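This report concerns only the one structure given below.
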Amino acid sequence: MAGKIAVKFYALLRRRLGTSTVHVEADGLTVLELLRRVEKQAGRPFLDEFLDRERGLLAGTMILVNGENVRLKAKLETLVHAGDTMDLFSPVGGG
Amino acid sequence: MNGWMGRIVRIDLGSGRQEDIPVDPETRRRFLGGRGLGVRLYADMCPATIPPFAPENALLFMTGPLTGTVMTSGRYQVVSRSPLTGTICDSSSGGSFGAALKGAGFDGLVITGRAERPVFLFVYDGTVEVRDASELWGLDTHATQTSIQEQTSAKASVACIGPAGENRVPFASILNDRDRAAGRGGMGALMGAKNLKAVAALGGKAVAIADADGYKTMSARLERAVDKNAVTGKSLQVLGTAVLVNVINAHGMFPTENFRRGVFNDAEGISGEKIAESLLLRQSACYKCPIGCGRTTRTRNRQGEGPEYETVWAFGANLGISDLEVIAEANYACNELGLDTITMGGTIGCAMELCEAGAWDARFRWGDADRLDGWVRDTAHVRGLGAELALGSKRLAEKYGQPELAMQVKGMELPAYDPRGAQGMALAYATSSRGGCHMRGYMIMPEILGHPVFLDRFSTGGKPEIVALFQDIAAVVDSSVLCRFLQFAVGVSTLGEMLRTVTGLDFSDAELMTVGRRITTLERLFNNRAGFTRADDTLPPRFFNEEFQNGSSRHRRVRLEEMLDAYYAVRGWDREGAPLPATLAELGL
């Protein structure tokens, strides 16, 4: 999968999309570009669970690139490369 | 009186004597109820050095001013000195027992002495009856609850111990409403030491509400907020607390094989998502709770409650076990026998590492799913290898000469978040008033889940202030008494509004935060008197000296010393962690 980005869905998002992983043939996309690509590839809209109208990340959502939250990087402008993994979590809690 | 019932009764099981304990309005306002008022009354009654199993030690069952009112208010707190840690301890449980105890006319019960023979208490209509429980001794928690309901009322809510509590296992829990547990700190062992098998409560009295119209409006607003919130309105309902397995694993901080790694390769197989598609029969809910995070599950052989996040970790990743049915059945066994799943799993994990290191010649091996059930049962009955496990990890690791292999703080086993992945959580573990617990200050909320704001988990900057804030808020919620999960949907102001409409007393945000600080400081005072110092506000050396080699928390260590002085300063404590006279004066302690 070296030439692809693995995008993994968890929690309720997995149910909504009916799948746990998609692989996207791409390299050097921003998170936002990748999300759009994934939405198209998944065939079902889901970005409303992550982005507000101003395209800001909704509170409680977690987008990790190689295990690190993109809020600690360049947020939606964070670059994702071939071979990377992006994890998508809709808001969850527990304890 | 609004909110409170106005009665706390002390029952001495040795003499059979009962007397009301007066609580003045000012003390109620300053400590609320539940954990706060419980700790206040306990500290007034018992010296901090009291042996936990001494007959004169007190064991308190406490409700709060909100118990039996708004959603999630069926909870209760059990307060005493922990036989596991020697610290002050309060242990919280859901279900409806709290609402039933209050509906029986009591804000709390204070139990002292030791009964000559096994007894249970039946509490109803302002009365406490001490009844014989000789026939119940030896029964598991489910059989006990069923039998007591047959003897009292099918509507009674029963909080009881199983064999583990009878045998004084220092991490024995109290189970109520079938499978809800006051899990941590060994409060069940204290019941066993008192020959107290159970407390059955039959409600009936309504809680007087000061502002009925305001209460109605506030309740409707609360319902909307909980329903609209993505966590309380959706995720917890559908996937339960174990939805965190994949989250924490993806952050490289899912403790694996006694905290030696931060990524469990089989996490997906024990996740909340997997439970929902395999074991889940239905969700279950506590008193007046629209969330329903509980999981009623079924394996090929059995049916029961759980596993929740902590348990799926404790018997799963922590032991290298990925068979979800085995994990669930070990959870069922702990519920029936009355054992804390976190300490049970933490102690077995410690045993496995002790054996691997050659320090102990016993048959504990990573991933040994076949023996798990037997270890749990033997622990409750304190027999065979279970007699060793019943020590808890700290005493076990000390016995075999490798104390550093016990993943505990102040004797309480750590839960399912590796502190190298969240510096604030590390500080909260080190300073928690009851030892290695995530519930005193749940920093995973901001550091991982992004509630109410997102914080950099690897930074220590600002963490002392935020940890203190989270600890104080938790103390207020535990004293009100409500479920912590409401914090995902509402803030302190809403809590103040609930307290105002129910009690008629105005609580500003600032006053509530002072109440929280007063409680956490009182707990600190007690622990200092019990002999705990700065040296105990620490973590096992693994977290300072060893790094993960993979996962997104790799190459990280806990930087506690960067935070501890600042934390003490924020708290108004000296460099040794003792509250300063000015702090005590400010808080009226």
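Labeling convention for the structure tokens: chains A, B, ... as they appear, residues from 1 per chain, ligands from 1 in order of appearance.
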| field | Exercise answer, chain A residues close to chain B, 8 Å and only C-alpha atoms, as JSON, numbers by chain | value | {"A": [10, 11, 12, 59, 60, 61, 62, 66, 67, 68, 72, 87, 89, 91, 92, 93, 94, 95]}
| request: Report the residues of segment 459-553 of chain B whose backbone DSSP state falls under alpha helix (DSSP H), written as number ranges by chain. | output: B: 463-480, 492-503, 509-529, 542-545
| 12 Å contact set for Glu39 of chain A, only C-alpha atoms, chain neighbours under 5 positions out, as a list in words | Val7, Phe9, Leu13, Arg16, Leu17, Val22, His23, Val24, Leu32, Glu33, Leu34, Arg44, Pro45, Phe46, Leu47, Asp48, Glu49 and Phe50 of chain A
| request: Please report, as a list in words, each residue of segment 258-476 of chain B to which DSSP assigns strand (DSSP E or B) when run on this structure's backbone. | output: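 Strand (DSSP E or B) assignments inside segment 258-476 of chain B correspond to Arg261, Leu280, Leu281, Arg282, Gln283, Ser284, Gly294, Arg295, Thr296, Thr297, Arg298, Gln303, Gly304, Glu305, Leu339, Gln408, Val409, Met412 and Glu413 of chain B.
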How would the residues just chosen look if you wrote them out with N, CA and C atoms as a PDB file, in the first residue's frame?
```pdb
ATOM      1  N   ARG B 261       3.793  -1.599  26.296  1.00  0.00           N
ATOM      2  CA  ARG B 261       3.605  -1.039  24.960  1.00  0.00           C
ATOM      3  C   ARG B 261       2.341  -0.181  24.952  1.00  0.00           C
ATOM      4  N   LEU B 280     -23.409  -7.730  21.955  1.00  0.00           N
ATOM      5  CA  LEU B 280     -24.447  -6.846  22.502  1.00  0.00           C
ATOM      6  C   LEU B 280     -25.857  -7.389  22.306  1.00  0.00           C
ATOM      7  N   LEU B 281     -26.576  -7.504  23.445  1.00  0.00           N
ATOM      8  CA  LEU B 281     -28.000  -7.845  23.386  1.00  0.00           C
ATOM      9  C   LEU B 281     -28.823  -6.575  23.364  1.00  0.00           C
ATOM     10  N   ARG B 282     -28.519  -5.684  24.313  1.00  0.00           N
ATOM     11  CA  ARG B 282     -29.230  -4.412  24.391  1.00  0.00           C
ATOM     12  C   ARG B 282     -28.448  -3.452  25.273  1.00  0.00           C
ATOM     13  N   GLN B 283     -28.767  -2.171  25.151  1.00  0.00           N
ATOM     14  CA  GLN B 283     -28.141  -1.204  26.043  1.00  0.00           C
ATOM     15  C   GLN B 283     -28.913  -1.201  27.359  1.00  0.00           C
ATOM     16  N   SER B 284     -28.258  -0.768  28.442  1.00  0.00           N
ATOM     17  CA  SER B 284     -28.938  -0.679  29.722  1.00  0.00           C
ATOM     18  C   SER B 284     -28.667   0.684  30.338  1.00  0.00           C
ATOM     19  N   GLY B 294     -24.709   1.496  29.460  1.00  0.00           N
ATOM     20  CA  GLY B 294     -24.487   0.112  29.881  1.00  0.00           C
ATOM     21  C   GLY B 294     -24.720  -0.871  28.741  1.00  0.00           C
ATOM     22  N   ARG B 295     -24.047  -2.008  28.817  1.00  0.00           N
ATOM     23  CA  ARG B 295     -24.153  -3.042  27.773  1.00  0.00           C
ATOM     24  C   ARG B 295     -24.614  -4.359  28.387  1.00  0.00           C
ATOM     25  N   THR B 296     -25.774  -4.828  28.006  1.00  0.00           N
ATOM     26  CA  THR B 296     -26.155  -6.190  28.361  1.00  0.00           C
ATOM     27  C   THR B 296     -25.688  -7.080  27.223  1.00  0.00           C
ATOM     28  N   THR B 297     -24.886  -8.065  27.556  1.00  0.00           N
ATOM     29  CA  THR B 297     -24.222  -8.840  26.504  1.00  0.00           C
ATOM     30  C   THR B 297     -24.445 -10.341  26.692  1.00  0.00           C
ATOM     31  N   ARG B 298     -24.075 -11.089  25.660  1.00  0.00           N
ATOM     32  CA  ARG B 298     -24.246 -12.543  25.706  1.00  0.00           C
ATOM     33  C   ARG B 298     -23.057 -13.209  25.022  1.00  0.00           C
ATOM     34  N   GLN B 303     -24.829 -14.904  29.935  1.00  0.00           N
ATOM     35  CA  GLN B 303     -25.329 -13.556  29.680  1.00  0.00           C
ATOM     36  C   GLN B 303     -24.991 -12.688  30.880  1.00  0.00           C
ATOM     37  N   GLY B 304     -24.711 -11.421  30.642  1.00  0.00           N
ATOM     38  CA  GLY B 304     -24.362 -10.554  31.765  1.00  0.00           C
ATOM     39  C   GLY B 304     -24.246  -9.106  31.346  1.00  0.00           C
ATOM     40  N   GLU B 305     -23.547  -8.335  32.167  1.00  0.00           N
ATOM     41  CA  GLU B 305     -23.403  -6.904  31.930  1.00  0.00           C
ATOM     42  C   GLU B 305     -21.930  -6.590  31.659  1.00  0.00           C
ATOM     43  N   LEU B 339     -15.727  -7.956  42.704  1.00  0.00           N
ATOM     44  CA  LEU B 339     -14.315  -7.559  42.561  1.00  0.00           C
ATOM     45  C   LEU B 339     -14.196  -6.376  41.606  1.00  0.00           C
ATOM     46  N   GLN B 408       0.827   1.133  39.659  1.00  0.00           N
ATOM     47  CA  GLN B 408      -0.100   1.687  40.641  1.00  0.00           C
ATOM     48  C   GLN B 408       0.396   3.034  41.152  1.00  0.00           C
ATOM     49  N   VAL B 409      -0.525   3.785  41.713  1.00  0.00           N
ATOM     50  CA  VAL B 409      -0.189   5.006  42.440  1.00  0.00           C
ATOM     51  C   VAL B 409      -0.849   4.910  43.809  1.00  0.00           C
ATOM     52  N   MET B 412      -3.213   1.994  44.307  1.00  0.00           N
ATOM     53  CA  MET B 412      -4.349   1.722  43.420  1.00  0.00           C
ATOM     54  C   MET B 412      -3.855   1.561  41.983  1.00  0.00           C
ATOM     55  N   GLU B 413      -4.303   0.481  41.340  1.00  0.00           N
ATOM     56  CA  GLU B 413      -3.849   0.168  39.992  1.00  0.00           C
ATOM     57  C   GLU B 413      -4.337   1.207  38.986  1.00  0.00           C
TER      58      GLU B 413
END
```
| request: Would you mind listing what lies within 12 Å of Lys75 of chain A as a list in words, with only C-alpha atoms counted and same-chain residues fewer than 3 positions away left out? | output: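 Residues meeting the cut-off are Thr30, Val31, Leu32, Phe50, Leu51, Arg55, Gly56, Leu57, Leu58, Thr61, Met62, Ile63, Leu64, Val65, Glu68, Asn69, Val70, Arg71, Leu72, Thr78, Leu79 and Val80 of chain A.
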Resulting file, chosen residues, C-alpha atoms, as a PDB file, in the first residue's frame:
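Below you can see part-v8.pdb, which holds the result:
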```pdb
ATOM      1  CA  THR A  30      -4.141  18.300   2.436  1.00  0.00           C
ATOM      2  CA  VAL A  31      -6.494  16.725   4.962  1.00  0.00           C
ATOM      3  CA  LEU A  32      -9.374  18.717   3.488  1.00  0.00           C
ATOM      4  CA  PHE A  50     -16.498  16.893  10.797  1.00  0.00           C
ATOM      5  CA  LEU A  51     -16.713  20.386   9.343  1.00  0.00           C
ATOM      6  CA  ARG A  55     -14.939  24.582   7.103  1.00  0.00           C
ATOM      7  CA  GLY A  56     -13.627  24.562  10.632  1.00  0.00           C
ATOM      8  CA  LEU A  57     -13.235  21.285  12.472  1.00  0.00           C
ATOM      9  CA  LEU A  58     -16.232  20.556  14.670  1.00  0.00           C
ATOM     10  CA  THR A  61     -14.076  15.273  16.153  1.00  0.00           C
ATOM     11  CA  MET A  62     -10.700  13.610  15.846  1.00  0.00           C
ATOM     12  CA  ILE A  63      -8.698  13.365  12.659  1.00  0.00           C
ATOM     13  CA  LEU A  64      -5.371  11.642  13.205  1.00  0.00           C
ATOM     14  CA  VAL A  65      -2.601  11.411  10.647  1.00  0.00           C
ATOM     15  CA  GLU A  68      -1.357  12.461  15.699  1.00  0.00           C
ATOM     16  CA  ASN A  69      -4.302  14.814  15.890  1.00  0.00           C
ATOM     17  CA  VAL A  70      -4.185  17.310  13.012  1.00  0.00           C
ATOM     18  CA  ARG A  71      -5.213  20.034  15.461  1.00  0.00           C
ATOM     19  CA  LEU A  72      -1.617  19.839  16.683  1.00  0.00           C
ATOM     20  CA  THR A  78      -1.936  19.171   7.180  1.00  0.00           C
ATOM     21  CA  LEU A  79      -0.302  17.269   4.329  1.00  0.00           C
ATOM     22  CA  VAL A  80      -0.932  13.553   3.988  1.00  0.00           C
TER      23      VAL A  80
END
```
| Quick one: residues within 10 Å of segment 534-547 of chain B, only C-alpha atoms counted, chain neighbours fewer than 2 positions away excluded, as a PyMOL selection string? | chain B and resi 259-262+403-411+414+418-420+426-433+435-436+528+531-532+549-550+553-561+564-565+568+574-578
| message | Give me the residues near Ser508 of chain B as a PyMOL selection string, where near means some atom within 9 Å (using only C-alpha atoms) and where sequence neighbours in that chain fewer than 6 positions away do not count. | response | chain B and resi 493+496-497
Please produce an output containing N, CA and C atoms for each residue in the selection, written as a PDB file, in the first residue's frame.
```pdb
ATOM      1  N   SER B 493     -22.196  25.929  35.111  1.00  0.00           N
ATOM      2  CA  SER B 493     -23.342  26.829  35.304  1.00  0.00           C
ATOM      3  C   SER B 493     -24.650  26.061  35.351  1.00  0.00           C
ATOM      4  N   GLY B 496     -25.024  24.491  38.631  1.00  0.00           N
ATOM      5  CA  GLY B 496     -25.470  25.486  39.602  1.00  0.00           C
ATOM      6  C   GLY B 496     -26.968  25.739  39.493  1.00  0.00           C
ATOM      7  N   GLU B 497     -27.466  25.747  38.262  1.00  0.00           N
ATOM      8  CA  GLU B 497     -28.898  25.966  38.036  1.00  0.00           C
ATOM      9  C   GLU B 497     -29.718  24.789  38.582  1.00  0.00           C
TER      10      GLU B 497
END
```
